[in-house]
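A.B. asks: Quick one: this structure, given as structure tokens, is what I'll be asking you about.
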Amino acid sequence: MKKIQIDPYQFAEKTISTSSLLVSKGKGKVNVMALDWKSIGELWMLPVCTIAVAPSRFTFSLLEETPEFTLNVPSPEISSAISIAGSYSGRDTDKIAKAGLTLTPSQHISVPMIEEALISYECKIIHTAESGNMAHHRLFFGEILAAYAAESLLNEE
Ligand SMILES: Cc1cc2nc3c(=O)[nH]c(=O)nc-3n(C[C@H](O)[C@H](O)[C@H](O)COP(=O)(O)O)c2cc1C
């Protein structure tokens, strides 16, 4: 799918309101999980994507191992990937293969993006915080180093 680099805030509203695919990486292992709890905005004069991940997720340990992630908004063709990524664990399942997803290298980080995504963000974790009594999740603040959108999405605007 042809992608064009975009301003990090250009499709923020769409990203925030759509279940997304979060990609993380450990020692040689790439994993994907479904993610609803996220926001995009400016913090510390930087474009930042904040994600909330529960400590029980395999993804949580990968984020600690490699402090980077990509956030990917699925195209309608791969919308079924959300239920696979959100109901199996990467501890015992290769969800990338199971969901039929293709990985593509990022420009600025070692964690890959999803080729079939409509929108993708490359993020480097610059801060973390516990979410206190809201839910037992940790907030990972990722500086958005680059953002991309499918050409077809840009043509719709
Ligand atoms: C639509 C959807 C949204 C989800 N959003 C989140 C979320 O924001 N944070 C979170 O920690 N888990 C969320 N989950 C649950 C994880 O995706 C799920 O526990 C997954 O199996 C974890 O995979 P892992 O063990 O490979 O990391 C969501 C699940 C679904 C189906």
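Residues are named by chain letter and number: chains run A, B, ... in the order of the structure tokens, numbers start at 1 in each chain, and ligands are numbered from 1 in the order shown.
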Would you list the residues that come within 10 Å of ligand 1? Count only C-alpha atoms and all ligand atoms and give the answer as a ChimeraX atom specification.

C.D. replies: /A:18-24,30-38,51-63,81-95,135-139

A.B. asks: What's the 9 Å shell around A:Thr104, counting only C-alpha atoms, without same-chain residues fewer than 6 positions away, as an mmCIF file with N, CA and C atoms, in the first residue's frame?

C.D. replies:
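File produced: around_1.cif:
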data_model
loop_
_atom_site.group_PDB
_atom_site.id
_atom_site.type_symbol
_atom_site.label_atom_id
_atom_site.label_comp_id
_atom_site.auth_asym_id
_atom_site.auth_seq_id
_atom_site.Cartn_x
_atom_site.Cartn_y
_atom_site.Cartn_z
ATOM 1 N N PRO A 112 8.924 -2.708 13.541
ATOM 2 C CA PRO A 112 8.310 -2.486 12.222
ATOM 3 C C PRO A 112 6.865 -1.983 12.291
ATOM 4 N N MET A 113 6.395 -1.515 11.141
ATOM 5 C CA MET A 113 4.995 -1.087 10.993
ATOM 6 C C MET A 113 4.227 -2.200 10.269
ATOM 7 N N ILE A 114 2.914 -2.022 10.178
ATOM 8 C CA ILE A 114 2.073 -2.985 9.454
ATOM 9 C C ILE A 114 1.759 -2.417 8.077
ATOM 10 N N GLU A 115 2.165 -3.175 7.084
ATOM 11 C CA GLU A 115 2.018 -2.744 5.687
ATOM 12 C C GLU A 115 0.557 -2.416 5.339
#

A.B. asks: Per DSSP on the backbone, filter chain A down to the residues in alpha helix (DSSP H) and report them as a VMD selection string.

C.D. replies: chain A and resid 12 to 16 58 to 65 81 to 87 95 to 98 151 to 156

A.B. asks: Quick one: of A:Ile144, A:Asp7, A:Thr15, A:Trp44, who's nearest to A:Val73, counting only C-alpha atoms?

C.D. replies: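 Selected residue with least distance to A:Val73: A:Thr15.
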
A.B. asks: Skip A:Ile125 itself and residues of its chain fewer than 2 positions away, then list as a VMD selection string all residues within 7 Å of it, counting only C-alpha atoms.

C.D. replies: chain A and resid 67 to 68 123 127 140 to 143

A.B. asks: Extract, using only C-alpha atoms, all DNA, RNA and protein residues at most 10 Å from A:Leu154, discarding same-chain residues fewer than 6 positions from it, and format them as a list in words.

C.D. replies: Lys3, Ile4, Ile6, Gln10, Phe11 and Leu118 of chain A

A.B. asks: Using only C-alpha atoms, find the one residue out of A:Ala99, A:Glu157, A:Ala149, A:Lys124 that sits nearest to A:Thr50.

C.D. replies: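 Smallest separation from A:Thr50 among the options: A:Lys124.
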
A.B. asks: Which one is closest to A:Ala146: A:Leu43, A:Val48, A:Met1, A:Ile96? Count only C-alpha atoms.

C.D. replies: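 Between A:Leu43, A:Val48, A:Met1, A:Ile96, the residue approaching A:Ala146 most closely is A:Val48.
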
A.B. asks: For atom CA of A:Leu46 and atom CA of A:Tyr121, quote the distance in Å rounded to one decimal.

C.D. replies: 13.9 Å

A.B. asks: Which of these, A:Lys2, A:Lys98, A:Lys27, A:Lys14, has the shortest distance to A:Glu116 once you count only C-alpha atoms?

C.D. replies: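 Among the listed residues, the smallest separation from A:Glu116 belongs to A:Lys2.
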
A.B. asks: Considering only C-alpha atoms, can you say which of A:Pro74, A:Ile16, A:Glu122, A:Glu151 comes closest to A:Pro105?

C.D. replies: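 Residue with the minimum atom-to-atom distance to A:Pro105: A:Glu122.
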
A.B. asks: Considering only C-alpha atoms, can you say which of A:Cys49, A:Ile40, A:Ser110, A:Thr102 comes closest to A:Lys25?

C.D. replies: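 Among the listed residues, A:Ser110 lies closest to A:Lys25.
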
A.B. asks: Between atom CA of A:Tyr9 and atom CA of A:Thr128, measure the distance and give it in Å to one decimal.

C.D. replies: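 So the answer is 21.2 Å.
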
A.B. asks: Excluding A:Ser120 and its own-chain neighbours fewer than 6 positions away, which residues fall within 6 Å of it when counting only C-alpha atoms? Please give them as a list in words.

C.D. replies: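 Here the answer would be Leu71, Asn72, Ala147 and Tyr148 of chain A.
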
A.B. asks: Those residues you just picked out, can you put them in a file as an mmCIF file, in the first residue's frame with C-alpha atoms?

C.D. replies:
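So part03.cif came out as:
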data_model
loop_
_atom_site.group_PDB
_atom_site.id
_atom_site.type_symbol
_atom_site.label_atom_id
_atom_site.label_comp_id
_atom_site.auth_asym_id
_atom_site.auth_seq_id
_atom_site.Cartn_x
_atom_site.Cartn_y
_atom_site.Cartn_z
ATOM 1 C CA LEU A 71 0.688 2.245 16.325
ATOM 2 C CA ASN A 72 -1.244 1.152 13.255
ATOM 3 C CA ALA A 147 3.584 9.338 10.823
ATOM 4 C CA TYR A 148 2.277 7.933 7.544
#

A.B. asks: Run DSSP on the backbone and give me the residues of stretch 47-130 of chain A it puts in strand (DSSP E or B), as a count of residues only.

C.D. replies: 32
